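Q: For reference, this is entry.txt, and it has compact mmCIF, C-alpha atoms and all ligand atoms.
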```txt
# COMPACT_ATOMS: atom_id res chain seq x y z
CA MET A 149 4.83 9.72 -80.96
CA LYS A 150 6.64 6.54 -80.06
CA LEU A 151 7.84 8.20 -76.86
CA ILE A 152 4.31 9.17 -75.86
CA TYR A 153 3.12 5.66 -76.60
CA ASN A 154 5.87 4.18 -74.42
CA LEU A 155 5.11 6.61 -71.65
CA ALA A 156 1.43 5.73 -71.78
CA LEU A 157 2.31 2.04 -71.68
CA ALA A 158 4.59 2.59 -68.72
CA CYS A 159 1.82 4.45 -66.91
CA LEU A 160 -0.69 1.71 -67.60
CA LEU A 161 1.76 -0.89 -66.37
CA ALA A 162 2.47 1.10 -63.22
CA LEU A 163 -1.22 1.57 -62.55
CA SER A 164 -2.05 -2.07 -62.96
CA LEU A 165 0.89 -3.05 -60.75
CA ALA A 166 -0.31 -0.64 -58.10
CA GLY A 167 -3.75 -2.14 -58.46
CA CYS A 168 -2.34 -5.63 -58.00
CA LYS A 169 -0.43 -4.56 -54.94
CA LYS A 170 -3.57 -3.08 -53.48
CA SER A 171 -5.64 -6.20 -53.99
CA ASP A 172 -2.82 -8.34 -52.53
CA GLU A 173 -2.83 -6.13 -49.49
CA ASN A 174 -6.59 -6.44 -49.17
CA ALA A 175 -6.37 -10.20 -49.45
CA ALA A 176 -3.68 -10.27 -46.77
CA ALA A 177 -5.71 -7.95 -44.54
CA ALA A 178 -8.75 -10.18 -44.90
CA ASP A 179 -6.67 -13.12 -43.67
CA THR A 180 -5.42 -11.35 -40.55
CA ILE A 181 -6.80 -9.84 -37.38
CA LYS A 182 -5.01 -6.69 -36.31
CA ILE A 183 -4.48 -6.12 -32.61
CA GLY A 184 -3.04 -2.85 -31.35
CA GLU A 185 -0.67 -2.47 -28.43
CA TYR A 186 0.61 0.72 -26.81
CA ALA A 187 3.53 0.48 -24.41
CA SER A 188 6.41 2.49 -22.92
CA LEU A 189 9.19 0.92 -25.01
CA THR A 190 11.50 3.88 -24.34
CA GLY A 191 11.84 6.57 -21.67
CA LYS A 192 11.65 6.51 -17.93
CA GLU A 193 9.60 3.29 -17.64
CA ALA A 194 11.10 1.52 -20.65
CA THR A 195 11.41 -1.82 -18.86
CA PHE A 196 7.65 -1.86 -18.20
CA GLY A 197 6.72 -1.54 -21.86
CA THR A 198 9.49 -3.81 -23.08
CA SER A 199 8.64 -6.69 -20.72
CA SER A 200 4.93 -6.29 -21.32
CA HIS A 201 5.45 -6.22 -25.08
CA ASN A 202 7.70 -9.28 -25.06
CA GLY A 203 5.08 -11.28 -23.17
CA THR A 204 2.32 -10.05 -25.47
CA GLN A 205 4.30 -10.85 -28.62
CA GLN A 206 5.11 -14.31 -27.32
CA ALA A 207 1.40 -15.05 -26.80
CA ILE A 208 0.49 -13.76 -30.27
CA ASP A 209 3.21 -15.86 -31.92
CA GLU A 210 2.18 -18.99 -30.03
CA ILE A 211 -1.45 -18.48 -31.02
CA ASN A 212 -0.43 -18.02 -34.65
CA ALA A 213 1.73 -21.15 -34.51
CA GLY A 214 -1.36 -22.99 -33.31
CA GLY A 215 -3.37 -21.79 -36.33
CA GLY A 216 -4.53 -18.34 -35.19
CA VAL A 217 -8.16 -17.56 -34.38
CA LEU A 218 -11.35 -17.71 -36.50
CA GLY A 219 -9.15 -19.17 -39.25
CA LYS A 220 -7.01 -16.02 -39.37
CA LYS A 221 -3.52 -15.08 -38.25
CA LEU A 222 -3.03 -12.31 -35.71
CA VAL A 223 -0.89 -9.26 -36.37
CA LEU A 224 0.28 -7.26 -33.36
CA ILE A 225 0.89 -3.59 -34.16
CA THR A 226 2.82 -1.88 -31.35
CA GLU A 227 3.23 1.85 -30.73
CA ASP A 228 5.68 3.39 -28.25
CA THR A 229 4.27 5.84 -25.69
CA GLN A 230 7.84 6.87 -24.70
CA SER A 231 6.75 6.93 -21.01
CA LYS A 232 5.32 10.40 -21.75
CA PRO A 233 1.96 12.04 -21.16
CA GLY A 234 0.29 13.12 -24.41
CA GLU A 235 1.58 10.13 -26.38
CA PRO A 236 -0.93 7.44 -25.32
CA ALA A 237 -4.02 9.15 -26.78
CA THR A 238 -2.11 10.07 -29.96
CA VAL A 239 -0.78 6.59 -30.69
CA VAL A 240 -4.05 4.89 -29.79
CA ARG A 241 -5.89 7.12 -32.29
CA LYS A 242 -3.34 6.07 -34.92
CA LEU A 243 -3.89 2.42 -34.14
CA ILE A 244 -7.67 2.77 -34.33
CA PHE A 245 -8.03 5.05 -37.39
CA ARG A 246 -4.91 4.30 -39.44
CA ASP A 247 -4.41 0.63 -38.68
CA LYS A 248 -8.04 -0.31 -37.94
CA VAL A 249 -7.13 -2.58 -35.04
CA VAL A 250 -10.01 -4.57 -33.53
CA ALA A 251 -8.82 -4.20 -29.92
CA LEU A 252 -6.13 -2.50 -27.84
CA LEU A 253 -3.72 -3.99 -25.31
CA GLY A 254 -2.06 -1.51 -22.93
CA GLU A 255 -0.80 0.44 -21.05
CA VAL A 256 1.14 -0.59 -17.99
CA ALA A 257 1.21 2.75 -16.13
CA SER A 258 -2.23 3.79 -14.87
CA SER A 259 -1.88 7.47 -15.85
CA ARG A 260 -1.20 6.44 -19.46
CA SER A 261 -4.09 3.93 -19.54
CA LEU A 262 -6.34 6.66 -18.16
CA GLU A 263 -5.31 8.93 -21.01
CA ALA A 264 -6.03 6.46 -23.84
CA ALA A 265 -9.04 4.61 -22.42
CA PRO A 266 -11.56 7.37 -23.33
CA VAL A 267 -10.45 7.11 -26.99
CA CYS A 268 -11.12 3.35 -26.96
CA GLN A 269 -14.41 3.80 -25.15
CA GLN A 270 -15.70 6.48 -27.56
CA ASN A 271 -14.86 4.31 -30.56
CA LYS A 272 -16.20 1.09 -29.03
CA ILE A 273 -12.84 -0.64 -29.31
CA PRO A 274 -12.26 -3.05 -26.41
CA MET A 275 -9.13 -2.25 -24.41
CA ILE A 276 -7.40 -4.57 -21.97
CA SER A 277 -4.77 -3.13 -19.68
CA PRO A 278 -2.31 -5.83 -18.66
CA SER A 279 -1.01 -4.15 -15.52
CA SER A 280 -2.67 -0.82 -14.66
CA THR A 281 -3.95 -1.16 -11.12
CA ASN A 282 -5.60 2.21 -10.40
CA PRO A 283 -9.38 1.63 -10.01
CA LYS A 284 -10.27 4.64 -12.20
CA VAL A 285 -8.97 2.93 -15.37
CA THR A 286 -11.89 0.56 -15.91
CA GLU A 287 -14.35 3.12 -14.56
CA ILE A 288 -13.81 5.02 -17.85
CA GLY A 289 -16.39 2.76 -19.47
CA ASP A 290 -17.73 -0.67 -20.37
CA PHE A 291 -15.18 -1.31 -23.15
CA ILE A 292 -12.25 -1.06 -20.71
CA PHE A 293 -10.90 -4.19 -18.97
CA ARG A 294 -7.81 -5.34 -17.13
CA VAL A 295 -6.25 -8.71 -16.32
CA CYS A 296 -4.71 -7.62 -13.00
CA PHE A 297 -5.89 -6.80 -9.48
CA ILE A 298 -6.51 -3.21 -8.39
CA ASP A 299 -4.83 -0.97 -5.81
CA PRO A 300 -7.48 -1.04 -3.08
CA PHE A 301 -6.46 -4.71 -2.81
CA GLN A 302 -2.72 -4.14 -3.29
CA GLY A 303 -2.73 -1.40 -0.61
CA THR A 304 -4.42 -3.81 1.79
CA VAL A 305 -1.83 -6.49 1.05
CA MET A 306 1.10 -4.23 1.94
CA ALA A 307 -0.63 -2.69 4.98
CA ASP A 308 -1.39 -6.16 6.34
CA PHE A 309 2.16 -7.27 5.61
CA THR A 310 3.42 -4.23 7.53
CA ALA A 311 1.21 -5.03 10.53
CA LYS A 312 1.46 -8.82 10.63
CA THR A 313 4.86 -9.73 9.20
CA LEU A 314 6.94 -6.65 10.03
CA ASN A 315 5.01 -5.77 13.20
CA ALA A 316 5.51 -2.12 12.29
CA LYS A 317 3.03 0.47 13.57
CA ARG A 318 4.73 3.79 12.81
CA VAL A 319 4.97 4.20 9.04
CA ALA A 320 5.72 7.14 6.73
CA ILE A 321 4.42 7.47 3.15
CA PHE A 322 6.38 8.96 0.25
CA THR A 323 4.18 9.56 -2.84
CA ASP A 324 4.79 10.51 -6.49
CA VAL A 325 2.21 13.26 -7.03
CA LYS A 326 2.54 13.01 -10.81
CA SER A 327 1.30 9.43 -10.86
CA ASP A 328 -2.33 8.34 -10.45
CA TYR A 329 -1.01 4.94 -9.51
CA SER A 330 1.19 6.29 -6.71
CA LYS A 331 -1.48 8.58 -5.26
CA GLY A 332 -4.11 5.83 -5.30
CA LEU A 333 -1.90 3.19 -3.76
CA ALA A 334 -0.73 5.61 -1.04
CA LYS A 335 -4.35 6.35 -0.14
CA PHE A 336 -5.46 2.71 0.00
CA PHE A 337 -2.41 1.69 2.01
CA LYS A 338 -3.00 4.50 4.49
CA GLU A 339 -6.68 3.61 5.02
CA ARG A 340 -5.88 0.00 5.79
CA HIS A 341 -2.83 0.82 7.93
CA LEU A 342 -4.93 3.14 10.11
CA ALA A 343 -7.71 0.53 10.28
CA ASN A 344 -5.06 -1.97 11.46
CA GLY A 345 -4.28 0.39 14.36
CA GLY A 346 -1.12 1.85 12.86
CA THR A 347 -0.06 5.49 12.71
CA ILE A 348 1.33 7.60 9.87
CA THR A 349 4.35 9.59 11.05
CA ALA A 350 4.86 11.65 7.87
CA GLU A 351 3.46 12.08 4.37
CA GLN A 352 5.91 13.48 1.83
CA ASP A 353 5.64 14.01 -1.95
CA TYR A 354 7.92 13.96 -4.96
CA SER A 355 7.36 14.35 -8.71
CA GLY A 356 8.23 11.48 -11.07
CA GLY A 357 11.49 12.45 -12.77
CA ASP A 358 12.99 14.05 -9.64
CA LYS A 359 16.55 13.07 -8.83
CA ASP A 360 17.06 14.46 -5.33
CA PHE A 361 14.92 13.17 -2.49
CA LYS A 362 17.14 14.11 0.44
CA ALA A 363 15.03 16.97 1.83
CA GLN A 364 11.91 14.80 2.07
CA LEU A 365 13.86 11.81 3.38
CA THR A 366 15.42 13.98 6.08
CA ALA A 367 11.96 15.19 7.12
CA ILE A 368 10.66 11.60 7.15
CA LYS A 369 13.64 10.34 9.16
CA ALA A 370 13.01 13.03 11.80
CA THR A 371 9.60 11.47 12.56
CA ASN A 372 11.29 8.18 13.42
CA PRO A 373 9.12 5.69 11.48
CA GLU A 374 9.67 1.92 11.57
CA ALA A 375 9.13 1.64 7.79
CA VAL A 376 8.47 3.88 4.76
CA PHE A 377 5.89 3.07 2.09
CA VAL A 378 7.13 4.22 -1.35
CA PRO A 379 4.41 3.47 -3.91
CA GLY A 380 6.32 4.71 -6.97
CA TYR A 381 8.11 3.37 -10.02
CA TYR A 382 11.52 1.73 -10.09
CA THR A 383 13.67 4.68 -11.20
CA GLU A 384 12.70 6.86 -8.25
CA ALA A 385 12.41 3.94 -5.79
CA GLY A 386 16.01 2.95 -6.58
CA LEU A 387 17.27 6.51 -6.04
CA ILE A 388 15.21 6.89 -2.87
CA ALA A 389 16.77 3.73 -1.42
CA GLN A 390 20.25 4.99 -2.33
CA GLN A 391 19.73 8.40 -0.76
CA ALA A 392 18.09 6.96 2.37
CA ARG A 393 21.24 4.87 2.82
CA GLN A 394 23.42 7.97 2.36
CA LEU A 395 21.44 9.64 5.15
CA ASP A 396 22.05 6.60 7.33
CA PHE A 397 18.29 6.01 7.41
CA LYS A 398 17.97 2.25 7.51
CA VAL A 399 14.33 1.26 8.06
CA PRO A 400 12.62 -1.17 5.62
CA LEU A 401 11.20 0.45 2.50
CA LEU A 402 7.95 -0.98 1.14
CA GLY A 403 6.66 -0.70 -2.38
CA GLY A 404 4.07 -1.98 -4.82
CA ASP A 405 4.22 -3.52 -8.30
CA GLY A 406 5.79 -0.32 -9.70
CA TRP A 407 9.10 -1.47 -8.24
CA GLU A 408 9.12 -4.51 -10.50
CA SER A 409 12.09 -4.09 -12.81
CA SER A 410 15.63 -5.43 -13.01
CA LYS A 411 16.59 -1.74 -13.24
CA LEU A 412 15.45 -1.29 -9.61
CA LEU A 413 18.52 -3.27 -8.55
CA GLU A 414 20.81 -1.55 -11.06
CA ILE A 415 19.79 1.86 -9.71
CA GLY A 416 19.39 1.04 -6.01
CA ARG A 417 22.17 -1.58 -5.87
CA GLU A 418 23.07 -2.74 -2.35
CA ALA A 419 20.82 -0.05 -0.86
CA MET A 420 17.85 -2.12 -2.13
CA GLU A 421 18.75 -5.12 0.08
CA GLY A 422 16.08 -6.27 2.48
CA HIS A 423 13.26 -4.08 1.16
CA TYR A 424 9.84 -5.49 0.23
CA PHE A 425 7.23 -5.03 -2.48
CA SER A 426 4.01 -6.57 -3.69
CA THR A 427 3.41 -7.64 -7.28
CA HIS A 428 1.33 -9.86 -9.57
CA TYR A 429 3.37 -12.94 -10.11
CA ALA A 430 6.52 -14.80 -9.15
CA PRO A 431 8.08 -17.35 -11.48
CA GLU A 432 8.78 -19.56 -8.43
CA VAL A 433 5.10 -20.27 -7.85
CA ALA A 434 4.34 -21.77 -11.20
CA SER A 435 1.37 -23.69 -12.58
CA PRO A 436 2.07 -26.05 -15.53
CA LEU A 437 0.93 -23.29 -17.89
CA SER A 438 3.26 -20.72 -16.33
CA LYS A 439 6.17 -23.19 -16.30
CA ALA A 440 5.88 -23.55 -20.06
CA PHE A 441 5.60 -19.77 -20.37
CA VAL A 442 8.73 -19.19 -18.28
CA GLU A 443 10.75 -21.76 -20.27
CA ASN A 444 9.72 -20.43 -23.68
CA TYR A 445 10.24 -16.84 -22.60
CA LYS A 446 13.73 -17.57 -21.27
CA LYS A 447 14.67 -19.31 -24.50
CA ARG A 448 13.51 -16.41 -26.60
CA PHE A 449 14.47 -13.35 -24.54
CA LYS A 450 17.37 -14.75 -22.50
CA GLU A 451 15.92 -13.58 -19.20
CA THR A 452 13.36 -14.65 -16.63
CA PRO A 453 9.96 -13.09 -17.29
CA ASP A 454 8.77 -10.56 -14.72
CA ALA A 455 5.16 -9.84 -13.72
CA LEU A 456 4.74 -7.43 -16.61
CA ALA A 457 5.70 -10.06 -19.15
CA ALA A 458 3.26 -12.50 -17.55
CA ASN A 459 0.42 -9.95 -17.55
CA GLY A 460 1.17 -8.92 -21.14
CA TYR A 461 1.02 -12.57 -22.18
CA ASP A 462 -2.25 -13.03 -20.31
CA SER A 463 -3.85 -9.92 -21.83
CA ALA A 464 -3.33 -11.33 -25.34
CA LEU A 465 -4.56 -14.81 -24.34
CA LEU A 466 -7.70 -13.37 -22.81
CA LEU A 467 -8.46 -11.19 -25.82
CA VAL A 468 -8.06 -14.08 -28.24
CA ASP A 469 -10.22 -16.32 -26.07
CA ALA A 470 -12.94 -13.65 -26.15
CA ILE A 471 -12.68 -13.27 -29.96
CA LYS A 472 -13.05 -17.04 -30.24
CA ARG A 473 -16.10 -17.15 -27.96
CA ALA A 474 -17.61 -14.14 -29.74
CA GLY A 475 -17.01 -15.82 -33.11
CA SER A 476 -16.31 -12.32 -34.37
CA THR A 477 -14.02 -9.32 -34.09
CA ASP A 478 -16.95 -6.93 -33.77
CA GLY A 479 -16.17 -4.52 -30.91
CA GLN A 480 -19.47 -4.96 -29.10
CA LYS A 481 -19.41 -8.75 -29.38
CA VAL A 482 -15.80 -9.01 -28.19
CA ARG A 483 -16.63 -6.66 -25.31
CA ASP A 484 -19.55 -8.86 -24.27
CA ALA A 485 -17.37 -11.99 -24.44
CA LEU A 486 -14.63 -10.32 -22.38
CA ALA A 487 -17.17 -9.31 -19.74
CA ALA A 488 -18.33 -12.93 -19.52
CA THR A 489 -14.82 -14.34 -18.83
CA LYS A 490 -14.86 -16.89 -16.01
CA ASN A 491 -12.03 -18.97 -14.52
CA PHE A 492 -9.79 -18.42 -17.49
CA GLU A 493 -6.53 -20.30 -17.01
CA ALA A 494 -3.70 -17.75 -17.43
CA VAL A 495 -0.03 -17.54 -16.52
CA ALA A 496 -0.38 -15.13 -13.58
CA GLY A 497 -3.36 -17.01 -12.10
CA LYS A 498 -6.97 -17.72 -13.02
CA ILE A 499 -8.90 -14.73 -14.39
CA THR A 500 -12.56 -14.03 -13.72
CA ILE A 501 -13.67 -10.63 -14.98
CA ASN A 502 -15.90 -9.10 -12.30
CA ALA A 503 -18.77 -6.62 -12.67
CA LYS A 504 -16.30 -3.71 -12.69
CA ARG A 505 -14.27 -5.36 -15.52
CA ASP A 506 -11.32 -5.96 -13.18
CA ALA A 507 -9.74 -9.32 -12.38
CA ASP A 508 -9.94 -10.78 -8.89
CA LYS A 509 -6.48 -12.24 -8.42
CA SER A 510 -3.88 -12.96 -5.75
CA ALA A 511 -0.82 -10.82 -5.07
CA VAL A 512 2.65 -11.95 -4.08
CA VAL A 513 5.11 -10.25 -1.72
CA LEU A 514 8.79 -10.31 -2.70
CA GLN A 515 11.92 -9.26 -0.86
CA VAL A 516 15.20 -8.07 -2.33
CA LYS A 517 17.74 -10.63 -1.15
CA ASP A 518 21.32 -11.04 -2.40
CA GLY A 519 20.61 -8.82 -5.37
CA GLN A 520 17.53 -10.79 -6.45
CA PHE A 521 13.79 -10.82 -5.92
CA LYS A 522 12.89 -13.55 -3.46
CA TYR A 523 9.31 -14.84 -3.21
CA LEU A 524 7.89 -14.59 0.33
CA GLN A 525 4.12 -15.09 0.26
CA THR A 526 0.93 -15.18 -1.78
CA ILE A 527 -2.12 -13.25 -0.59
CA ALA A 528 -5.55 -14.14 -1.98
CA PRO A 529 -8.25 -11.46 -2.34
N1 LIG B 601 0.40 -1.06 -11.54
C1 LIG B 601 1.22 0.00 -12.09
C2 LIG B 601 0.29 1.14 -12.50
O1 LIG B 601 -0.88 0.98 -12.52
C3 LIG B 601 2.04 -0.47 -13.25
C4 LIG B 601 2.91 -1.66 -13.00
C5 LIG B 601 2.39 -2.95 -12.98
C6 LIG B 601 4.27 -1.53 -12.84
C7 LIG B 601 3.20 -4.07 -12.75
C8 LIG B 601 5.07 -2.63 -12.62
C9 LIG B 601 4.55 -3.90 -12.54
O2 LIG B 601 0.70 2.23 -12.82
```
Step by step, read the file and then write its structure as structure tokens.

A:
Amino acid sequence: MKLIYNLALACLLALSLAGCKKSDENAAAADTIKIGEYASLTGKEATFGTSSHNGTQQAIDEINAGGGVLGKKLVLITEDTQSKPGEPATVVRKLIFRDKVVALLGEVASSRSLEAAPVCQQNKIPMISPSSTNPKVTEIGDFIFRVCFIDPFQGTVMADFTAKTLNAKRVAIFTDVKSDYSKGLAKFFKERHLANGGTITAEQDYSGGDKDFKAQLTAIKATNPEAVFVPGYYTEAGLIAQQARQLDFKVPLLGGDGWESSKLLEIGREAMEGHYFSTHYAPEVASPLSKAFVENYKKRFKETPDALAANGYDSALLLVDAIKRAGSTDGQKVRDALAATKNFEAVAGKITINAKRDADKSAVVLQVKDGQFKYLQTIAP
């Protein structure tokens, strides 16, 4: 009898403790605003997700240190997409249904943003991509935004650079057919290059993940181009530069923001020297806001922030500014506030969200020089 009594007491105690825990959790949840992030923290484009996440986390922590927003602290819940197709939609569903986030920040790679954006759109959860530049991303719907420029502009920048700065007319294009980003950027570059009076000597393809590019490079070399446009990501761009060098094929290689990674230099090493790419931001051309960002980032992460870190930081700033202006975390209200963003002072330049929910912003052109990225020029839209 005594035993049963004790057991019953123990059960009661356990139940009430569980109850307490639950109400504590609810109280904590009521004091916080949950923001979801999905990023390639591991896998083939791990540096993209890691840099973007570091910048995003830094912004969230700074906002919390300044008191948060709407009297609440922010909690950033991050899921890893592992640089793999299939993961983005899965983890974004988790963030929306399990964690009940009020908005989503991500992804960097356009193909992965394109996969998760429909989930956000259907559930009326605003999504801001920090760095996806393919135009189709925001075309998914009116809850999808980005804080960066798009590839029709980036393609123009590199085609004009080819014509005006390099004086190159005969150019080959080497595209990753598995990447929406690569295919889009190749197309926009080509259109502008032809409009500038240039010719395309060869168009070759590879598939992201390939290791051997020699057959295509040999075919490209045979057409005798003055430069090769390689609108891919850093892993393949580094290998392509290496193998071009091995084939004694020494023309300038040109890329877009997908080259932006310290790993580009680790993989391509001295074969990367002299090549050019366009991207979103260079720490050398800093506003007072970006100077503070660079200093704080260096202190915390022991490295100079790249464009992805800057865009990640800006995506969080922009979201929080919209929540503040909306006075609410309601999806529709935050969406409306995001759409109304004008001249917002951010680290990688001022952000005005245009009618297509993209940001009109400048691009920079960098060159690999002495094993580093050297800033060459800024091109306004
Ligand atoms: N713009 C690329 C894409 O859309 C991603 C990227 C942005 C990569 C910036 C590096 C730097 O897929």

Q: Taking into account all atoms listed in the file, which residue in the set A:Ser279, A:Thr383, A:Asn271, A:Asn202 is nearest to ligand LIG 601 (chain B)?

A: A:Ser279

Q: What are the nearest atom pairs, with distances in Å to one decimal, for all residues of chain A that come at most 8 Å from ligand LIG 601 (chain B), using all atoms listed in the file, set out by chain and rising residue number as JSON lines?

A:
```
{"residue": "A:Phe196", "atom": "CA", "partner": "B:LIG601", "partner_atom": "C8", "distance": 6.2}
{"residue": "A:Val256", "atom": "CA", "partner": "B:LIG601", "partner_atom": "C3", "distance": 4.8}
{"residue": "A:Ala257", "atom": "CA", "partner": "B:LIG601", "partner_atom": "O2", "distance": 3.4}
{"residue": "A:Ser258", "atom": "CA", "partner": "B:LIG601", "partner_atom": "O2", "distance": 3.9}
{"residue": "A:Ser259", "atom": "CA", "partner": "B:LIG601", "partner_atom": "O2", "distance": 6.6}
{"residue": "A:Pro278", "atom": "CA", "partner": "B:LIG601", "partner_atom": "C5", "distance": 7.9}
{"residue": "A:Ser279", "atom": "CA", "partner": "B:LIG601", "partner_atom": "C5", "distance": 4.4}
{"residue": "A:Ser280", "atom": "CA", "partner": "B:LIG601", "partner_atom": "O1", "distance": 3.3}
{"residue": "A:Thr281", "atom": "CA", "partner": "B:LIG601", "partner_atom": "O1", "distance": 4.0}
{"residue": "A:Asn282", "atom": "CA", "partner": "B:LIG601", "partner_atom": "O1", "distance": 5.3}
{"residue": "A:Ile298", "atom": "CA", "partner": "B:LIG601", "partner_atom": "N1", "distance": 7.9}
{"residue": "A:Asp299", "atom": "CA", "partner": "B:LIG601", "partner_atom": "N1", "distance": 7.8}
{"residue": "A:Ser327", "atom": "CA", "partner": "B:LIG601", "partner_atom": "O2", "distance": 7.5}
{"residue": "A:Asp328", "atom": "CA", "partner": "B:LIG601", "partner_atom": "O2", "distance": 7.2}
{"residue": "A:Tyr329", "atom": "CA", "partner": "B:LIG601", "partner_atom": "O2", "distance": 4.6}
{"residue": "A:Ser330", "atom": "CA", "partner": "B:LIG601", "partner_atom": "O2", "distance": 7.4}
{"residue": "A:Tyr381", "atom": "CA", "partner": "B:LIG601", "partner_atom": "C6", "distance": 6.8}
{"residue": "A:Gly404", "atom": "CA", "partner": "B:LIG601", "partner_atom": "N1", "distance": 7.7}
{"residue": "A:Asp405", "atom": "CA", "partner": "B:LIG601", "partner_atom": "C9", "distance": 4.3}
{"residue": "A:Gly406", "atom": "CA", "partner": "B:LIG601", "partner_atom": "C6", "distance": 3.7}
{"residue": "A:Trp407", "atom": "CA", "partner": "B:LIG601", "partner_atom": "C8", "distance": 6.1}
{"residue": "A:Glu408", "atom": "CA", "partner": "B:LIG601", "partner_atom": "C8", "distance": 4.9}
{"residue": "A:Ser409", "atom": "CA", "partner": "B:LIG601", "partner_atom": "C8", "distance": 7.2}
{"residue": "A:Thr427", "atom": "CA", "partner": "B:LIG601", "partner_atom": "C7", "distance": 6.5}
{"residue": "A:His428", "atom": "CA", "partner": "B:LIG601", "partner_atom": "C7", "distance": 6.9}
{"residue": "A:Ala455", "atom": "CA", "partner": "B:LIG601", "partner_atom": "C9", "distance": 6.1}
{"residue": "A:Leu456", "atom": "CA", "partner": "B:LIG601", "partner_atom": "C7", "distance": 5.3}
```

Q: Output C-alpha atoms of each residue in that selection to a file, as a JSON list (two decimals), keeping the file's coordinate frame.

A:
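Wrote out34.json, looks like this:
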```
[["chain", "number", "residue", "atom", "x", "y", "z"],
["A", 196, "PHE", "CA", 7.65, -1.86, -18.20],
["A", 256, "VAL", "CA", 1.14, -0.59, -17.99],
["A", 257, "ALA", "CA", 1.21, 2.75, -16.13],
["A", 258, "SER", "CA", -2.23, 3.79, -14.87],
["A", 259, "SER", "CA", -1.88, 7.47, -15.85],
["A", 278, "PRO", "CA", -2.31, -5.83, -18.66],
["A", 279, "SER", "CA", -1.01, -4.15, -15.52],
["A", 280, "SER", "CA", -2.67, -0.82, -14.66],
["A", 281, "THR", "CA", -3.95, -1.16, -11.12],
["A", 282, "ASN", "CA", -5.60, 2.21, -10.40],
["A", 298, "ILE", "CA", -6.51, -3.21, -8.39],
["A", 299, "ASP", "CA", -4.83, -0.97, -5.81],
["A", 327, "SER", "CA", 1.30, 9.43, -10.86],
["A", 328, "ASP", "CA", -2.33, 8.34, -10.45],
["A", 329, "TYR", "CA", -1.01, 4.94, -9.51],
["A", 330, "SER", "CA", 1.19, 6.29, -6.71],
["A", 381, "TYR", "CA", 8.11, 3.37, -10.02],
["A", 404, "GLY", "CA", 4.07, -1.98, -4.82],
["A", 405, "ASP", "CA", 4.22, -3.52, -8.30],
["A", 406, "GLY", "CA", 5.79, -0.32, -9.70],
["A", 407, "TRP", "CA", 9.10, -1.47, -8.24],
["A", 408, "GLU", "CA", 9.12, -4.51, -10.50],
["A", 409, "SER", "CA", 12.09, -4.09, -12.81],
["A", 427, "THR", "CA", 3.41, -7.64, -7.28],
["A", 428, "HIS", "CA", 1.33, -9.86, -9.57],
["A", 455, "ALA", "CA", 5.16, -9.84, -13.72],
["A", 456, "LEU", "CA", 4.74, -7.43, -16.61]]
```

Q: Give me the residues near Asp290 (chain A) as a PyMOL selection string, where near means some atom within 10 Å (using only C-alpha atoms) and where sequence neighbours in that chain fewer than 2 positions away do not count.

A: chain A and resi 269+272+274-275+286-288+292-293+480+483-484+487+503-505

Q: Which one is closest to Lys182 (chain A): A:Val468, A:Lys232, A:Leu412, A:Leu524? Count only C-alpha atoms.

A: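 Comparing A:Val468, A:Lys232, A:Leu412, A:Leu524 against Lys182 (chain A), the winner is A:Val468.
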
Q: Here is a test: counting only C-alpha atoms, which residue of A:Ala494, A:Ala334, A:Ala311, A:Ile181 is nearest to Lys472 (chain A)?

A: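 Checking each candidate against Lys472 (chain A), we get A:Ile181 as the closest.
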
Q: Name all residues at most 7 Å from Gln515 (chain A) (count all atoms listed in the file; drop same-chain ones fewer than 2 positions away) and give them as a compact mmCIF listing (two decimals) with C-alpha atoms, in the coordinates of the input.

A:
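Contents of selection.txt, as written:
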```txt
# COMPACT_ATOMS: atom_id res chain seq x y z
CA GLY A 422 16.08 -6.27 2.48
CA HIS A 423 13.26 -4.08 1.16
CA TYR A 424 9.84 -5.49 0.23
CA PHE A 425 7.23 -5.03 -2.48
CA VAL A 513 5.11 -10.25 -1.72
CA LYS A 517 17.74 -10.63 -1.15
CA PHE A 521 13.79 -10.82 -5.92
CA LYS A 522 12.89 -13.55 -3.46
CA TYR A 523 9.31 -14.84 -3.21
CA LEU A 524 7.89 -14.59 0.33
```

Q: As an exercise, work out the distance from CA of Pro236 (chain A) to CA of Lys326 (chain A) in Å and give it to one decimal place.

A: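 That distance, rounded to one decimal, is 15.9 Å.
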
Q: So which residues touch Thr238 (chain A) within 12 Å, counting all atoms listed in the file, skipping near sequence neighbours fewer than 2 positions away, as a VMD selection string?

A: chain A and resid 186 227 to 230 232 to 236 240 to 246 260 263 to 268

Q: Pick the closest to Leu252 (chain A) from A:Pro300, A:Glu185, A:Pro453, A:Asp308: which is it, counting all atoms listed in the file?

A: A:Glu185

Q: As JSON, what would the box around region 466-482 of chain A look like: edges along x, y and z, 8 Å added on every side, centre and edge lengths in Å to one decimal?

A:
```
{"center_x": -13.6, "center_y": -10.8, "center_z": -28.6, "size_x": 27.8, "size_y": 28.6, "size_z": 27.6}
```

Q: May I have the protein, DNA and RNA residues with an atom at most 10 Å from (9.1, -18.0, -16.6), counting only C-alpha atoms in the file's coordinates, returned as an NGL selection string?

A: :A and (430-434 or 437-447 or 451-455 or 457-458 or 495)

Q: What does the distance between CA of Ser510 (chain A) and CA of Gln525 (chain A) come to in Å, to one decimal place?

A: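 Going from CA of Ser510 (chain A) over to CA of Gln525 (chain A), I get 10.2 Å.
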
Q: Could you check which of A:Ala187, A:Leu365, A:Val223, A:Val217 is closest to Ala237 (chain A), using all atoms listed in the file?

A: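 Closest residue, counting all atoms listed in the file: A:Ala187.
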
Q: Give me the residues near Lys192 (chain A) as an NGL selection string, where near means some atom within 7 Å (using only C-alpha atoms) and where sequence neighbours in that chain fewer than 2 positions away do not count.

A: :A and (190 or 194 or 231)
